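Step one of this worksheet: look at the structure below.
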Amino acid sequence: MGWTEEQAMRTDVNAIVVAHEGRKAMLAAIFGSGDEEDTPPEPEKLPEMTPALFRAMFAR
């Protein structure tokens, strides 16, 4: 989890379990969990890029 040995030894066991679950969730979100097949969305399910939508997304 990126902790030093001293930090881990002074941390409550419940906090370690919660941190471990959080790290697993973070890595699954970044790299995928490997449990299901990662497929890109189908083109027909994506919203149509209109000029108004483009301005809403990228205008300052």
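Residue names in the structure tokens use chain letters A, B, ... in the order shown, residue numbers from 1 in each chain, and ligand numbers from 1 in the order shown.
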Helix (DSSP H, G or I) call set, DSSP backbone run, chain A, as a count of residues only: 36
Show which residues sit within 12 Å of A:Trp3, as a PyMOL selection string. Count only C-alpha atoms, and ignore same-chain residues fewer than 5 positions away. chain A and resi 8-11+16+19-20+23
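If you look at atom CA of A:Val17 and atom CA of A:Ala29, they are 18.4 Å away from each other.
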